[in-house]
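Q: So that you have it, the file is upload_0.cif, and it contains mmCIF, C-alpha atoms:
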```
data_structure
loop_
_atom_site.label_atom_id
_atom_site.label_comp_id
_atom_site.auth_asym_id
_atom_site.auth_seq_id
_atom_site.Cartn_x
_atom_site.Cartn_y
_atom_site.Cartn_z
CA MET N 64 8.15 -14.79 58.89
CA THR N 65 4.79 -13.06 58.48
CA ALA N 66 3.01 -13.94 55.24
CA LYS N 67 2.95 -11.00 52.88
CA LYS N 68 -0.48 -9.66 52.00
CA ILE N 69 -1.32 -9.04 48.37
CA ALA N 70 -4.01 -6.81 46.88
CA LEU N 71 -5.35 -6.22 43.42
CA VAL N 72 -6.38 -2.71 42.39
CA ILE N 73 -8.39 -2.43 39.17
CA GLY N 74 -8.49 1.16 37.99
CA ALA N 75 -11.07 2.89 35.84
CA GLY N 76 -11.05 1.75 32.22
CA SER N 77 -14.46 0.39 31.11
CA VAL N 78 -14.13 -2.85 29.15
CA LYS N 79 -10.31 -2.75 29.34
CA CYS N 80 -10.73 -3.68 33.01
CA ALA N 81 -11.44 -7.23 31.80
CA ALA N 82 -7.63 -7.48 31.62
CA ALA N 83 -7.87 -8.08 35.39
CA LEU N 84 -9.39 -11.48 34.58
CA GLY N 85 -6.26 -12.34 32.57
CA LEU N 86 -4.09 -11.25 35.49
CA TRP N 87 -6.17 -13.40 37.83
CA LYS N 88 -5.93 -16.39 35.47
CA VAL N 89 -2.11 -16.26 35.73
CA LEU N 90 -2.11 -16.00 39.55
CA GLU N 91 -4.78 -18.64 40.01
CA LYS N 92 -2.59 -21.22 38.22
CA GLU N 93 0.08 -20.46 40.85
CA ASN N 94 -2.42 -20.63 43.74
CA ILE N 95 -1.77 -17.01 44.62
CA ALA N 96 -4.89 -15.56 46.23
CA PHE N 97 -5.73 -11.93 46.97
CA ASP N 98 -6.17 -10.58 50.48
CA MET N 99 -8.24 -7.71 49.14
CA ILE N 100 -9.59 -6.34 45.87
CA VAL N 101 -10.27 -2.69 45.06
CA GLY N 102 -12.17 -1.52 42.01
CA CYS N 103 -12.92 1.86 40.53
CA SER N 104 -15.58 2.71 37.94
CA GLY N 105 -15.51 -0.03 35.24
CA GLY N 106 -12.94 -1.84 37.37
CA SER N 107 -15.44 -2.12 40.22
CA ILE N 108 -17.60 -4.50 38.18
CA TYR N 109 -14.72 -6.94 37.68
CA ALA N 110 -13.55 -6.46 41.27
CA ALA N 111 -17.01 -7.30 42.61
CA ALA N 112 -17.38 -10.39 40.42
CA MET N 113 -13.97 -11.70 41.51
CA ALA N 114 -14.55 -10.91 45.19
CA MET N 115 -17.88 -12.77 45.11
CA GLY N 116 -15.96 -15.94 44.33
CA PHE N 117 -17.31 -16.49 40.82
CA SER N 118 -15.11 -18.74 38.69
CA LEU N 119 -13.12 -17.16 35.89
CA GLN N 120 -15.67 -18.31 33.30
CA GLU N 121 -18.57 -17.06 35.43
CA CYS N 122 -16.78 -13.71 35.76
CA ILE N 123 -16.44 -13.46 31.99
CA GLU N 124 -20.09 -14.29 31.41
CA ASN N 125 -21.42 -12.13 34.23
CA THR N 126 -19.33 -9.09 33.40
CA LYS N 127 -20.54 -9.29 29.78
CA LYS N 128 -24.07 -9.02 31.19
CA LEU N 129 -23.08 -6.18 33.51
CA TRP N 130 -21.22 -3.96 31.06
CA ASN N 131 -22.50 -3.86 27.51
CA ARG N 132 -24.09 -1.45 25.10
CA SER N 133 -27.62 -2.28 26.27
CA ILE N 134 -27.05 -0.32 29.47
CA THR N 135 -26.86 2.87 27.41
CA GLN N 136 -29.86 2.15 25.21
CA GLN N 137 -32.37 4.23 27.15
CA ARG N 138 -31.86 7.96 26.70
CA ASN N 139 -33.03 10.33 29.42
CA TRP N 140 -35.00 12.61 27.10
CA ARG N 141 -36.38 14.82 29.86
CA ALA N 142 -32.88 15.57 31.16
CA LEU N 143 -31.62 16.21 27.61
CA ALA N 144 -34.48 18.65 27.06
CA SER N 145 -33.61 20.35 30.35
CA VAL N 146 -30.28 21.39 28.81
CA LEU N 147 -32.22 23.55 26.33
CA LEU N 148 -34.81 24.80 28.83
CA PRO N 149 -33.03 24.65 32.20
CA GLY N 150 -35.43 26.97 34.03
CA VAL N 151 -38.61 25.38 32.73
CA LEU N 152 -37.51 21.75 33.09
CA ASN N 153 -35.54 22.23 36.30
CA PHE N 154 -31.98 21.30 35.22
CA ASN N 155 -30.13 20.10 38.33
CA HIS N 156 -27.18 18.07 39.63
CA GLN N 157 -28.96 14.81 38.82
CA PHE N 158 -28.51 15.43 35.09
CA SER N 159 -27.69 12.39 32.96
CA MET N 160 -27.91 11.64 29.26
CA MET N 161 -28.91 8.02 29.94
CA SER N 162 -31.57 6.46 32.10
CA ASP N 163 -30.06 4.06 34.63
CA GLY N 164 -32.95 1.54 34.51
CA PRO N 165 -31.23 -0.99 32.17
CA MET N 166 -27.97 -0.78 34.13
CA LEU N 167 -29.66 -1.32 37.50
CA ARG N 168 -31.58 -4.32 36.15
CA SER N 169 -28.36 -5.78 34.81
CA PHE N 170 -26.52 -5.28 38.13
CA GLN N 171 -29.50 -6.73 40.00
CA SER N 172 -29.56 -9.83 37.77
CA VAL N 173 -26.01 -10.74 38.81
CA PHE N 174 -25.66 -9.45 42.38
CA GLY N 175 -29.29 -9.33 43.60
CA ASP N 176 -29.34 -8.17 47.23
CA LYS N 177 -25.79 -9.29 48.02
CA THR N 178 -23.78 -7.01 50.27
CA PHE N 179 -20.07 -6.49 50.96
CA ALA N 180 -20.47 -8.95 53.84
CA ASP N 181 -21.23 -11.70 51.27
CA THR N 182 -17.93 -11.39 49.40
CA LYS N 183 -15.31 -14.13 49.73
CA ILE N 184 -12.45 -11.62 49.47
CA PRO N 185 -12.57 -8.20 51.19
CA LEU N 186 -13.81 -5.74 48.58
CA TYR N 187 -13.61 -1.96 48.29
CA ILE N 188 -15.45 -0.03 45.60
CA MET N 189 -14.50 3.56 44.90
CA ALA N 190 -16.77 6.53 44.37
CA THR N 191 -16.52 10.30 44.70
CA ASP N 192 -18.56 12.42 47.08
CA PHE N 193 -20.39 14.80 44.75
CA GLU N 194 -20.65 17.52 47.39
CA THR N 195 -17.05 17.52 48.68
CA GLY N 196 -15.03 15.83 45.90
CA GLU N 197 -13.64 13.41 48.49
CA SER N 198 -12.60 9.93 47.36
CA ILE N 199 -14.81 7.36 49.09
CA SER N 200 -13.95 3.66 49.49
CA GLN N 201 -17.23 1.82 49.88
CA HIS N 202 -16.99 -1.29 52.04
CA GLU N 203 -20.51 -1.66 53.44
CA GLY N 204 -24.01 -2.02 52.10
CA LYS N 205 -25.48 -3.47 48.93
CA LEU N 206 -23.11 -4.19 46.07
CA VAL N 207 -25.59 -2.93 43.49
CA ASP N 208 -25.67 0.50 45.17
CA ALA N 209 -21.89 0.68 45.46
CA LEU N 210 -21.42 -0.33 41.81
CA ARG N 211 -24.07 2.08 40.60
CA ALA N 212 -22.28 4.91 42.43
CA SER N 213 -18.83 3.89 41.16
CA VAL N 214 -19.90 3.98 37.50
CA ALA N 215 -21.90 7.21 37.70
CA ILE N 216 -19.82 8.70 34.87
CA PRO N 217 -20.49 12.46 34.74
CA PHE N 218 -22.95 13.47 32.01
CA ILE N 219 -23.78 9.82 31.19
CA TRP N 220 -25.35 8.60 34.45
CA SER N 221 -26.66 10.58 37.39
CA ALA N 222 -25.22 10.70 40.89
CA TRP N 223 -26.36 7.97 43.29
CA GLN N 224 -27.33 8.21 46.95
CA HIS N 225 -25.61 5.56 49.09
CA ASN N 226 -24.89 5.36 52.82
CA GLY N 227 -25.90 8.97 53.34
CA ARG N 228 -23.78 10.47 50.57
CA LEU N 229 -24.47 11.58 47.03
CA LEU N 230 -21.86 9.74 44.98
CA ILE N 231 -20.46 9.86 41.45
CA ASP N 232 -17.82 7.97 39.44
CA GLY N 233 -14.78 6.98 41.51
CA ALA N 234 -12.51 7.99 38.61
CA VAL N 235 -13.35 11.65 39.24
CA SER N 236 -11.23 11.60 42.41
CA ASN N 237 -9.13 8.43 42.34
CA PRO N 238 -8.83 6.54 39.02
CA LEU N 239 -6.24 4.03 40.32
CA PRO N 240 -6.95 3.73 44.07
CA VAL N 241 -3.70 2.25 45.41
CA ASP N 242 -4.14 4.33 48.58
CA VAL N 243 -6.80 1.94 49.90
CA PRO N 244 -4.53 -1.14 50.21
CA ILE N 245 -1.71 1.09 51.52
CA ARG N 246 -4.05 2.25 54.30
CA GLU N 247 -5.07 -1.35 55.04
CA GLY N 248 -1.43 -2.38 55.51
CA ILE N 249 -1.10 -4.51 52.38
CA ASP N 250 2.49 -5.31 51.35
CA ILE N 251 2.26 -6.13 47.65
CA ILE N 252 -0.10 -4.12 45.50
CA LEU N 253 -0.79 -5.15 41.93
CA ALA N 254 -2.02 -1.95 40.32
CA MET N 255 -3.76 -2.46 37.01
CA GLY N 256 -4.33 0.96 35.49
CA PHE N 257 -5.51 2.36 32.20
CA GLN N 258 -5.06 5.72 30.56
CA SER N 259 -8.39 7.12 29.46
CA PRO N 260 -8.48 7.12 25.63
CA LEU N 261 -8.74 10.45 23.81
CA PRO N 262 -11.31 10.53 21.00
CA SER N 263 -9.53 10.94 17.66
CA ARG N 264 -12.16 13.38 16.39
CA ILE N 265 -14.17 15.87 18.40
CA LYS N 266 -17.45 16.07 16.53
CA SER N 267 -19.98 16.77 19.27
CA VAL N 268 -20.33 18.54 22.61
CA SER N 269 -20.31 15.19 24.42
CA ARG N 270 -17.06 14.17 22.67
CA TYR N 271 -15.54 17.49 23.64
CA ALA N 272 -16.55 16.98 27.27
CA PHE N 273 -15.22 13.40 27.14
CA TYR N 274 -11.92 14.60 25.69
CA VAL N 275 -11.34 17.20 28.41
CA ASN N 276 -12.50 14.77 31.09
CA SER N 277 -9.98 12.18 29.81
CA LEU N 278 -7.12 14.69 29.95
CA MET N 279 -7.96 15.54 33.55
CA THR N 280 -8.45 11.91 34.60
CA ASN N 281 -5.11 10.87 33.08
CA ASN N 282 -3.28 13.68 34.86
CA LEU N 283 -5.00 12.80 38.12
CA LEU N 284 -4.04 9.14 37.69
CA ASN N 285 -0.39 10.09 37.17
CA ALA N 286 -0.30 12.50 40.11
CA ASN N 287 -1.88 10.00 42.52
CA PHE N 288 0.30 7.17 41.23
CA ALA N 289 3.47 9.24 41.69
CA PHE N 290 2.59 10.22 45.23
CA HIS N 291 1.65 6.71 46.37
CA ASN N 292 4.72 5.14 44.78
CA ALA N 293 6.81 7.52 46.82
CA VAL N 294 5.07 6.84 50.14
CA HIS N 295 4.28 3.10 50.17
CA HIS N 296 6.40 1.08 52.62
CA ALA N 297 6.51 -2.01 50.44
CA GLU N 298 5.84 -2.65 46.78
CA ILE N 299 3.47 -1.41 44.12
CA ILE N 300 3.78 -3.40 40.91
CA SER N 301 2.22 -1.53 38.03
CA ILE N 302 0.52 -3.76 35.49
CA PHE N 303 -0.41 -1.69 32.46
CA PRO N 304 -1.54 -3.95 29.62
CA GLU N 305 -0.66 -2.79 26.12
CA PHE N 306 -3.51 -2.67 23.61
CA GLU N 307 -2.57 -2.48 19.95
CA ARG N 308 -6.24 -2.36 19.02
CA SER N 309 -8.56 0.48 19.89
CA ILE N 310 -10.90 -0.65 22.69
CA ARG N 311 -14.04 1.45 23.00
CA LEU N 312 -16.26 1.89 26.04
CA PHE N 313 -18.55 -1.08 25.35
CA ASP N 314 -16.43 -3.29 23.06
CA THR N 315 -17.42 -6.47 24.88
CA GLY N 316 -16.59 -8.43 21.73
CA GLN N 317 -12.95 -7.57 22.47
CA ILE N 318 -13.03 -9.13 25.95
CA PRO N 319 -11.07 -12.29 24.96
CA TYR N 320 -8.32 -10.08 23.48
CA VAL N 321 -8.36 -7.78 26.53
CA ILE N 322 -8.06 -10.77 28.88
CA GLU N 323 -5.16 -12.10 26.81
CA GLN N 324 -3.33 -8.76 27.14
CA GLY N 325 -3.90 -8.79 30.91
CA GLU N 326 -2.52 -12.32 31.03
CA LYS N 327 0.59 -11.25 29.11
CA ALA N 328 1.19 -8.19 31.31
CA MET N 329 0.87 -10.29 34.49
CA SER N 330 3.05 -13.11 33.14
CA HIS N 331 5.95 -10.66 32.80
CA GLN N 332 5.77 -9.91 36.53
CA LEU N 333 4.92 -13.37 37.82
CA ASP N 334 8.42 -14.50 38.80
CA TYR N 335 8.99 -11.30 40.70
CA VAL N 336 5.67 -11.58 42.58
CA LYS N 337 6.53 -15.17 43.54
CA ARG N 338 9.97 -14.13 44.78
CA LEU N 339 8.47 -11.28 46.78
CA LEU N 340 5.97 -13.63 48.42
CA GLU N 341 8.79 -16.00 49.35
CA THR N 342 11.02 -13.36 50.97
CA MET U 197 20.27 -6.13 38.54
CA LYS U 198 23.82 -4.93 37.78
CA THR U 199 25.40 -1.52 38.15
CA GLU U 200 28.56 -0.22 36.50
CA MET U 201 30.31 3.06 37.28
CA GLN U 202 32.15 5.25 34.84
CA HIS U 203 33.55 8.75 35.39
CA GLU U 204 33.36 11.09 32.43
CA ASN U 205 34.13 14.82 32.42
CA ASN U 206 32.34 16.35 35.36
CA SER U 207 29.93 13.48 35.99
CA THR U 208 29.62 9.86 37.12
CA ILE U 209 27.58 7.50 35.01
CA VAL U 210 25.75 4.73 36.85
CA SER U 211 24.70 2.21 34.21
CA VAL U 212 21.93 -0.05 35.47
CA SER U 213 20.69 -3.25 33.86
CA GLY U 214 18.02 -5.81 34.74
CA ASN U 215 15.12 -5.30 37.15
CA VAL U 216 15.03 -2.52 39.71
CA ASP U 217 12.58 -3.72 42.34
CA ALA U 218 12.20 -4.27 46.07
CA LEU U 219 14.79 -7.06 45.99
CA THR U 220 17.44 -5.13 44.06
CA ALA U 221 16.78 -1.44 44.74
CA PRO U 222 18.84 -1.41 47.98
CA ASP U 223 21.96 -2.25 45.89
CA LEU U 224 21.29 0.67 43.58
CA ALA U 225 20.66 2.94 46.59
CA ASN U 226 24.01 1.87 48.09
CA ALA U 227 25.81 2.48 44.79
CA ILE U 228 24.38 6.00 44.56
CA VAL U 229 25.14 6.82 48.21
CA ASP U 230 28.72 5.53 47.81
CA GLN U 231 29.33 7.83 44.86
CA ILE U 232 27.89 10.85 46.64
CA SER U 233 29.93 10.13 49.78
CA GLN U 234 33.07 10.06 47.58
CA GLY U 235 32.19 13.52 46.31
CA HIS U 236 30.77 12.40 42.96
CA VAL U 237 27.58 14.42 43.22
CA ASN U 238 26.83 14.88 39.50
CA LEU U 239 25.26 11.57 38.66
CA VAL U 240 23.83 10.23 35.41
CA VAL U 241 21.78 7.09 35.95
CA ASN U 242 21.55 5.22 32.67
CA LEU U 243 18.33 3.17 32.59
CA ILE U 244 18.55 2.06 28.95
CA ALA U 245 19.18 -1.59 29.91
CA VAL U 246 16.58 -1.67 32.69
CA GLU U 247 13.77 -4.11 31.97
CA PHE U 248 11.42 -3.43 34.89
CA MET U 249 11.08 -0.70 37.49
CA SER U 250 8.75 -1.07 40.48
CA SER U 251 7.77 1.45 43.13
CA ALA U 252 10.85 0.50 45.17
CA GLY U 253 13.06 1.43 42.20
CA LEU U 254 11.25 4.72 41.74
CA ARG U 255 11.69 5.55 45.43
CA THR U 256 15.41 4.82 45.13
CA LEU U 257 15.78 7.19 42.18
CA LEU U 258 13.82 9.85 44.05
CA GLY U 259 16.07 9.40 47.09
CA GLY U 260 19.09 9.70 44.79
CA VAL U 261 17.81 12.94 43.26
CA LYS U 262 17.26 14.43 46.73
CA ALA U 263 20.65 13.23 48.05
CA ALA U 264 22.61 14.51 45.04
CA ARG U 265 20.90 17.90 45.16
CA SER U 266 21.36 18.26 48.93
CA HIS U 267 25.11 17.83 48.31
CA GLY U 268 25.18 20.50 45.62
CA GLY U 269 24.95 18.19 42.60
CA ASP U 270 22.17 16.53 40.64
CA LEU U 271 21.00 13.13 39.48
CA ARG U 272 19.93 13.00 35.83
CA LEU U 273 18.43 10.09 33.97
CA ILE U 274 18.82 8.41 30.59
CA SER U 275 15.73 6.54 29.51
CA THR U 276 14.84 5.15 26.09
CA ASN U 277 12.92 1.98 26.96
CA PRO U 278 9.23 2.90 26.30
CA GLY U 279 7.95 0.76 29.20
CA ILE U 280 10.35 2.32 31.71
CA ASP U 281 9.81 5.80 30.33
CA LYS U 282 6.03 5.40 30.72
CA VAL U 283 6.45 4.57 34.41
CA LEU U 284 8.87 7.51 34.84
CA LYS U 285 6.40 9.88 33.19
CA MET U 286 3.47 8.60 35.24
CA SER U 287 5.52 9.05 38.38
CA GLY U 288 6.39 12.63 37.55
CA PHE U 289 10.15 12.13 37.01
CA HIS U 290 10.07 14.11 33.78
CA ASN U 291 8.79 17.06 35.84
CA ILE U 292 11.23 16.90 38.74
CA ALA U 293 14.41 15.59 37.08
CA LYS U 294 16.24 16.03 33.77
CA VAL U 295 15.68 13.00 31.55
CA PHE U 296 17.77 12.48 28.41
CA SER U 297 17.71 10.00 25.55
CA SER U 298 21.49 9.60 25.20
CA GLN U 299 24.53 9.42 27.45
CA ASP U 300 26.34 12.16 25.53
CA GLU U 301 23.50 14.61 26.09
CA ALA U 302 23.24 13.74 29.77
CA VAL U 303 26.99 14.11 30.39
CA ALA U 304 27.12 17.37 28.38
CA SER U 305 24.27 18.78 30.49
CA PHE U 306 26.65 18.98 33.47
CA GLY U 307 28.92 21.29 31.44
#
```
Written as structure tokens, that's how I'd like the structure from this file.
A:
Amino acid sequence: MTAKKIALVIGAGSVKCAAALGLWKVLEKENIAFDMIVGCSGGSIYAAAMAMGFSLQECIENTKKLWNRSITQQRNWRALASVLLPGVLNFNHQFSMMSDGPMLRSFQSVFGDKTFADTKIPLYIMATDFETGESISQHEGKLVDALRASVAIPFIWSAWQHNGRLLIDGAVSNPLPVDVPIREGIDIILAMGFQSPLPSRIKSVSRYAFYVNSLMTNNLLNANFAFHNAVHHAEIISIFPEFERSIRLFDTGQIPYVIEQGEKAMSHQLDYVKRLLET
Amino acid sequence: MKTEMQHENNSTIVSVSGNVDALTAPDLANAIVDQISQGHVNLVVNLIAVEFMSSAGLRTLLGGVKAARSHGGDLRLISTNPGIDKVLKMSGFHNIAKVFSSQDEAVASFG
């Protein structure tokens, strides 16, 4: 009997992606290890930390450093002004409301010059080719570059040049990238996905853009998920944690609760995963 | 997973309970194929007592929809469990198949 290969896919979902640490906690107790990890957007940060072999506690601490409100503290005033005077201030495709300096420093502090070759578990980080719209699974080069590209959320952070392509947020093309492990011949895919939240009130242009973007991302997630469920030869187990509380983009204070919900969602599927691995 | 068959008016109700996954979906597929081969092509699959549905279960339902339609009938679903309904919605079943919230409605839909 050939051992079944198992992959974890962490979809886009900002701080909610910390639920993947809860999922991992459950599997670690059972000595179930991943053969590959795929992350998209916010999920790429958790995927990278896990693939690097950090312990659960190190992952919690490091991901708090990597994804918190401080990375949005520096506004890109020149770019914001270019919205009002596009001709004079040369508005272009590199527009972003935030400067990426704090985010890059935070990524650098955890991953330094590490590359995909340094990971303990094969890692794929998703991005979108800005020029073609193609979904790109990054598997080579520096982790900081791949992460920076994967979280280049339109309007918030600018596109990022990596391995000869101009890249933006992976969620724009593939918010729950289960296609990557399918292509790599993985048997059991644990797909942890999150619907993008819709703002309850639309009180600014940015909220309006975010609202429409969320509608499109959620529909894209569903369409991709439906197609890949239909074509995979083996099993995709969807793990969608339920959050009774509202979790905002940078609610890092909610991480313990988010992890707990991930743990609960995984616990419900644990027996089945074990039986699948045994067959 | 358990399946129970019941014939009512112009349709056959396949009541499913438990988990529909890679280990159990082949049994559901066989049950559906058996009914179609016996000429029962108007199927209502009742998922109210289903606790978990994986991609293998979704593929089985999709196969059932295609098989029933290719024999001149249809496969319609009953789903009230929020967790199962979420997976059905995400997988597009509400767009390609008729999904009802009660057995009476589903059976009546076959006229």
Q: At a cut-off of 9 Å, can you tabulate as CSV every residue of chain N near chain U together with its closest atom pair and the distance in Å to one decimal, using only C-alpha atoms and ordering rows by chain then number?
A:
```
residue,atom,partner,partner_atom,distance
N:Asn282,CA,U:Met286,CA,8.5
N:Leu284,CA,U:Met286,CA,7.9
N:Asn285,CA,U:Met286,CA,4.6
N:Ala286,CA,U:Ser287,CA,7.0
N:Asn287,CA,U:Ser287,CA,8.5
N:Phe288,CA,U:Ser287,CA,6.2
N:Ala289,CA,U:Ser287,CA,3.9
N:Phe290,CA,U:Ser287,CA,7.5
N:His291,CA,U:Ser251,CA,8.7
N:Asn292,CA,U:Ser251,CA,5.1
N:Ala293,CA,U:Arg255,CA,5.4
N:Val294,CA,U:Arg255,CA,8.2
N:His295,CA,U:Ser251,CA,8.0
N:His296,CA,U:Ala252,CA,8.7
N:Ala297,CA,U:Ala252,CA,7.3
N:Glu298,CA,U:Ser251,CA,5.8
N:Ile299,CA,U:Ser251,CA,5.3
N:Ile300,CA,U:Ser250,CA,5.5
N:Ser301,CA,U:Ser250,CA,7.0
N:Gln332,CA,U:Phe248,CA,8.8
N:Tyr335,CA,U:Asp217,CA,8.5
N:Arg338,CA,U:Leu219,CA,8.6
N:Leu339,CA,U:Leu219,CA,7.6
N:Thr342,CA,U:Leu219,CA,8.9
```
Q: Mind checking which residues fall within 7 Å of Met160 in chain N, counting all atoms listed in the file, ignoring those fewer than 4 positions away in the same chain, and posting them as a short mmCIF file (atom, residue, chain, number, x, y, z; two decimals) with C-alpha atoms, in the coordinates of the input?
A:
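Final output, out-v3.cif:
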```
data_model
loop_
_atom_site.label_atom_id
_atom_site.label_comp_id
_atom_site.auth_asym_id
_atom_site.auth_seq_id
_atom_site.Cartn_x
_atom_site.Cartn_y
_atom_site.Cartn_z
CA ARG N 138 -31.86 7.96 26.70
CA ASN N 139 -33.03 10.33 29.42
CA ALA N 142 -32.88 15.57 31.16
CA LEU N 143 -31.62 16.21 27.61
CA PHE N 218 -22.95 13.47 32.01
CA ILE N 219 -23.78 9.82 31.19
CA TRP N 220 -25.35 8.60 34.45
#
```
Q: What gap, in Å, lies between CA of Leu340 in chain N and CA of Ala110 in chain N?
A: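 Answer for the CA of Leu340 in chain N to CA of Ala110 in chain N separation: 22.0 Å.
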Q: Enumerate, as a ChimeraX atom specification, the protein, DNA and RNA residues whose atoms approach (21.5, 3.3, 37.7) to within 7 Å, taking into account all atoms listed in the file and the coordinate frame of the file.
A: /U:199,210-212,224,241-243
Q: What's the separation between CA of Ser236 in chain N and CA of Gly74 in chain N, in Å to one decimal place?
A: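 A separation of 11.7 Å between them.
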